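Read the structure below first, then the notes.
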Amino acid sequence: MQSSSGWLFITEEGVVHQWTGSYDASPAIAHLDSRYHTDPGLLVNAEHVDFTTSYSDGQLQISILNGYTGELHFRLQATDGFETVEQTFLVNVTQSLDDDDE
């Protein structure tokens with residue numbers, strides 16, 4: 001598939017790579033699950049999820065709104081102005097804040 005940053009491909013395991021001329025040289029840019037290889041339409045027909053984040057005392061809090069449950073994939077980057085680090089993680093939402101109000 002083609003994106004605004006060039007050609008991409010998804011492995012059977014759901015790893016998204018940016019094409020750079022050969023399979024071995026193409027860096028992984030995202031880790032999804034195998035459903036996205038089976039049905040790439042999930043990338044363009046994604047469900048909109050409202051959420052807020054806050055960071056306090058060394059903890060990141062993610063608050064999901066509007067009753068969403070399911071998996072969310074996050075990529076977090078931090079920098080000190082000299083070096084950047086990146087972490088990807090999966091959040092499995094089993095209950096949203098709105099569910100507490102019902």
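All residue names refer to the structure tokens as shown: chains lettered A, B, ... in order, residues numbered from 1 in each chain, ligands numbered from 1 in order.
By only C-alpha atoms, and with residues fewer than 5 positions from stretch 75-87 of chain A along its chain excluded, the set lying at most 12 Å from it is Ile29, Ala30, His31, Leu32, Thr53 and Leu60 of chain A.
For A:Ser3, the residues within 12 Å (counting only C-alpha atoms, excluding itself and residues fewer than 2 positions away along the chain) are Met1, Ser5, Gly6, Trp7, Leu8, Phe9, Val16, His17, Gln18, Trp19, Leu43 and Val44 of chain A.
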Keeping only N, CA and C atoms, write those residues as a PDB file, in the first residue's frame.
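selection-v4.pdb, freshly written:
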```pdb
ATOM      1  N   MET A   1       0.831  -1.161   0.000  1.00  0.00           N
ATOM      2  CA  MET A   1       0.000   0.000   0.000  1.00  0.00           C
ATOM      3  C   MET A   1       0.882   1.232   0.000  1.00  0.00           C
ATOM      4  N   SER A   5       4.082   8.856   3.202  1.00  0.00           N
ATOM      5  CA  SER A   5       5.535   8.742   3.385  1.00  0.00           C
ATOM      6  C   SER A   5       6.161   7.687   2.482  1.00  0.00           C
ATOM      7  N   GLY A   6       5.394   7.152   1.533  1.00  0.00           N
ATOM      8  CA  GLY A   6       5.937   6.158   0.602  1.00  0.00           C
ATOM      9  C   GLY A   6       5.218   4.826   0.708  1.00  0.00           C
ATOM     10  N   TRP A   7       5.830   3.807   0.111  1.00  0.00           N
ATOM     11  CA  TRP A   7       5.227   2.472   0.087  1.00  0.00           C
ATOM     12  C   TRP A   7       5.460   1.738   1.393  1.00  0.00           C
ATOM     13  N   LEU A   8       4.436   1.004   1.826  1.00  0.00           N
ATOM     14  CA  LEU A   8       4.477   0.207   3.046  1.00  0.00           C
ATOM     15  C   LEU A   8       4.051  -1.212   2.725  1.00  0.00           C
ATOM     16  N   PHE A   9       4.489  -2.159   3.544  1.00  0.00           N
ATOM     17  CA  PHE A   9       3.954  -3.514   3.442  1.00  0.00           C
ATOM     18  C   PHE A   9       3.765  -4.076   4.841  1.00  0.00           C
ATOM     19  N   VAL A  16       4.321  -3.659  10.214  1.00  0.00           N
ATOM     20  CA  VAL A  16       4.289  -2.724   9.088  1.00  0.00           C
ATOM     21  C   VAL A  16       5.708  -2.230   8.836  1.00  0.00           C
ATOM     22  N   HIS A  17       6.150  -2.329   7.569  1.00  0.00           N
ATOM     23  CA  HIS A  17       7.490  -1.886   7.174  1.00  0.00           C
ATOM     24  C   HIS A  17       7.360  -0.789   6.127  1.00  0.00           C
ATOM     25  N   GLN A  18       8.306   0.152   6.155  1.00  0.00           N
ATOM     26  CA  GLN A  18       8.394   1.152   5.091  1.00  0.00           C
ATOM     27  C   GLN A  18       9.370   0.619   4.053  1.00  0.00           C
ATOM     28  N   TRP A  19       8.911   0.489   2.817  1.00  0.00           N
ATOM     29  CA  TRP A  19       9.712  -0.097   1.746  1.00  0.00           C
ATOM     30  C   TRP A  19      10.881   0.817   1.393  1.00  0.00           C
ATOM     31  N   LEU A  43      -7.002  -0.480   8.172  1.00  0.00           N
ATOM     32  CA  LEU A  43      -6.155   0.702   8.348  1.00  0.00           C
ATOM     33  C   LEU A  43      -6.882   1.987   7.968  1.00  0.00           C
ATOM     34  N   VAL A  44      -7.728   1.928   6.964  1.00  0.00           N
ATOM     35  CA  VAL A  44      -8.416   3.136   6.507  1.00  0.00           C
ATOM     36  C   VAL A  44      -9.837   3.240   7.052  1.00  0.00           C
TER      37      VAL A  44
END
```
TODO: Once DSSP has gone over the backbone, tell me which residues of chain A are in helix (DSSP H, G or I), as a list in words.
DONE: Arg35, Tyr36, His37, Thr38, Pro40, Gly41, Leu42, Leu43, Leu97, Asp98, Asp99 and Asp100 of chain A
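Separating atom CA of A:Glu47 from atom CA of A:Ser63 is a distance of 16.5 Å.
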Open item on the list: Could you pull out the strand (DSSP E or B) residues of chain A, going by DSSP on the backbone, and write them as a ChimeraX atom specification?
Closed with: /A:2-3,6-10,15-18,28-31,51-56,59-64,70-79,84-93
Generate a file of the selected residues that holds N, CA and C atoms, formatted as a compact mmCIF listing (two decimals), in the first residue's frame.
```
# COMPACT_ATOMS: atom_id res chain seq x y z
N GLN A 2 0.33 2.34 -0.45
CA GLN A 2 1.09 3.58 -0.49
C GLN A 2 0.52 4.57 0.53
N SER A 3 1.42 5.24 1.24
CA SER A 3 1.02 6.26 2.21
C SER A 3 1.67 7.58 1.82
N GLY A 6 5.39 7.15 1.53
CA GLY A 6 5.94 6.16 0.60
C GLY A 6 5.22 4.83 0.71
N TRP A 7 5.83 3.81 0.11
CA TRP A 7 5.23 2.47 0.09
C TRP A 7 5.46 1.74 1.39
N LEU A 8 4.44 1.00 1.83
CA LEU A 8 4.48 0.21 3.05
C LEU A 8 4.05 -1.21 2.73
N PHE A 9 4.49 -2.16 3.54
CA PHE A 9 3.95 -3.51 3.44
C PHE A 9 3.77 -4.08 4.84
N ILE A 10 2.84 -5.03 4.96
CA ILE A 10 2.49 -5.65 6.24
C ILE A 10 2.79 -7.14 6.15
N VAL A 15 3.38 -6.85 11.19
CA VAL A 15 4.43 -5.83 11.30
C VAL A 15 4.41 -4.98 10.04
N VAL A 16 4.32 -3.66 10.21
CA VAL A 16 4.29 -2.72 9.09
C VAL A 16 5.71 -2.23 8.84
N HIS A 17 6.15 -2.33 7.57
CA HIS A 17 7.49 -1.89 7.17
C HIS A 17 7.36 -0.79 6.13
N GLN A 18 8.31 0.15 6.15
CA GLN A 18 8.39 1.15 5.09
C GLN A 18 9.37 0.62 4.05
N ALA A 28 10.92 -1.66 10.29
CA ALA A 28 9.60 -1.82 10.90
C ALA A 28 9.20 -0.48 11.50
N ILE A 29 7.97 -0.03 11.20
CA ILE A 29 7.51 1.25 11.73
C ILE A 29 6.29 1.10 12.63
N ALA A 30 5.67 -0.09 12.65
CA ALA A 30 4.52 -0.32 13.52
C ALA A 30 4.34 -1.82 13.71
N HIS A 31 3.77 -2.18 14.84
CA HIS A 31 3.47 -3.58 15.13
C HIS A 31 1.98 -3.68 15.41
N PHE A 51 -9.80 9.84 23.51
CA PHE A 51 -9.07 9.58 24.74
C PHE A 51 -8.30 10.83 25.14
N THR A 52 -7.95 10.88 26.41
CA THR A 52 -7.09 11.94 26.92
C THR A 52 -5.92 11.28 27.63
N THR A 53 -4.82 12.02 27.74
CA THR A 53 -3.66 11.52 28.46
C THR A 53 -3.19 12.56 29.45
N SER A 54 -2.56 12.09 30.50
CA SER A 54 -1.91 12.98 31.45
C SER A 54 -0.69 12.26 32.00
N TYR A 55 0.27 13.03 32.45
CA TYR A 55 1.50 12.47 33.01
C TYR A 55 1.77 13.16 34.33
N SER A 56 1.92 12.38 35.39
CA SER A 56 2.16 12.95 36.71
C SER A 56 2.92 11.94 37.56
N GLN A 59 3.95 8.61 36.02
CA GLN A 59 2.94 7.70 35.50
C GLN A 59 2.16 8.35 34.36
N LEU A 60 1.98 7.59 33.30
CA LEU A 60 1.15 8.02 32.17
C LEU A 60 -0.24 7.46 32.38
N GLN A 61 -1.24 8.34 32.36
CA GLN A 61 -2.63 7.89 32.48
C GLN A 61 -3.33 8.12 31.15
N ILE A 62 -3.99 7.09 30.65
CA ILE A 62 -4.75 7.17 29.42
C ILE A 62 -6.22 6.95 29.79
N SER A 63 -7.06 7.92 29.49
CA SER A 63 -8.49 7.83 29.79
C SER A 63 -9.25 7.70 28.48
N ILE A 64 -9.96 6.59 28.33
CA ILE A 64 -10.74 6.30 27.13
C ILE A 64 -12.17 6.76 27.37
N GLY A 70 -11.74 -2.62 23.61
CA GLY A 70 -10.94 -3.30 22.60
C GLY A 70 -9.47 -2.94 22.76
N GLU A 71 -8.68 -3.23 21.73
CA GLU A 71 -7.24 -2.99 21.78
C GLU A 71 -6.88 -1.64 21.18
N LEU A 72 -5.94 -0.95 21.82
CA LEU A 72 -5.36 0.28 21.29
C LEU A 72 -3.85 0.10 21.27
N HIS A 73 -3.24 0.50 20.17
CA HIS A 73 -1.79 0.42 20.02
C HIS A 73 -1.23 1.83 20.12
N PHE A 74 -0.26 2.03 20.99
CA PHE A 74 0.34 3.35 21.20
C PHE A 74 1.83 3.30 20.88
N ARG A 75 2.33 4.42 20.39
CA ARG A 75 3.77 4.62 20.22
C ARG A 75 4.11 5.91 20.95
N LEU A 76 4.97 5.81 21.93
CA LEU A 76 5.34 6.93 22.79
C LEU A 76 6.79 7.30 22.53
N GLN A 77 7.04 8.58 22.29
CA GLN A 77 8.40 9.07 22.09
C GLN A 77 8.72 10.11 23.15
N ALA A 78 9.96 10.11 23.62
CA ALA A 78 10.43 11.11 24.58
C ALA A 78 11.83 11.54 24.17
N THR A 79 12.13 12.79 24.46
CA THR A 79 13.46 13.30 24.13
C THR A 79 13.95 14.23 25.23
N THR A 84 16.47 10.71 21.42
CA THR A 84 15.05 10.36 21.46
C THR A 84 14.93 8.85 21.68
N VAL A 85 14.01 8.47 22.54
CA VAL A 85 13.71 7.06 22.76
C VAL A 85 12.26 6.83 22.39
N GLU A 86 11.94 5.60 22.05
CA GLU A 86 10.59 5.27 21.61
C GLU A 86 10.17 3.94 22.22
N GLN A 87 8.91 3.84 22.59
CA GLN A 87 8.35 2.61 23.14
C GLN A 87 6.98 2.41 22.52
N THR A 88 6.68 1.22 22.10
CA THR A 88 5.32 0.91 21.64
C THR A 88 4.69 -0.04 22.65
N PHE A 89 3.39 0.11 22.83
CA PHE A 89 2.71 -0.77 23.77
C PHE A 89 1.25 -0.92 23.38
N LEU A 90 0.65 -1.97 23.87
CA LEU A 90 -0.74 -2.32 23.61
C LEU A 90 -1.54 -2.12 24.89
N VAL A 91 -2.69 -1.48 24.76
CA VAL A 91 -3.62 -1.32 25.88
C VAL A 91 -4.90 -2.06 25.53
N ASN A 92 -5.32 -2.95 26.40
CA ASN A 92 -6.56 -3.67 26.21
C ASN A 92 -7.62 -3.02 27.10
N VAL A 93 -8.57 -2.30 26.50
CA VAL A 93 -9.59 -1.57 27.24
C VAL A 93 -10.77 -2.50 27.47
```
Open item on the list: Show me, as a ChimeraX atom specification, the residues that have an atom within 12 Å of A:Ala46 when counting only C-alpha atoms, minus same-chain residues fewer than 4 positions from it.
Closed with: /A:36,39-42,71-72
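When atom CA of A:Asp33 is paired with atom CA of A:Gly14, their separation reads 4.5 Å.
The spacing separating atom CA of A:Ser4 from atom CA of A:Thr20 amounts to 14.4 Å.
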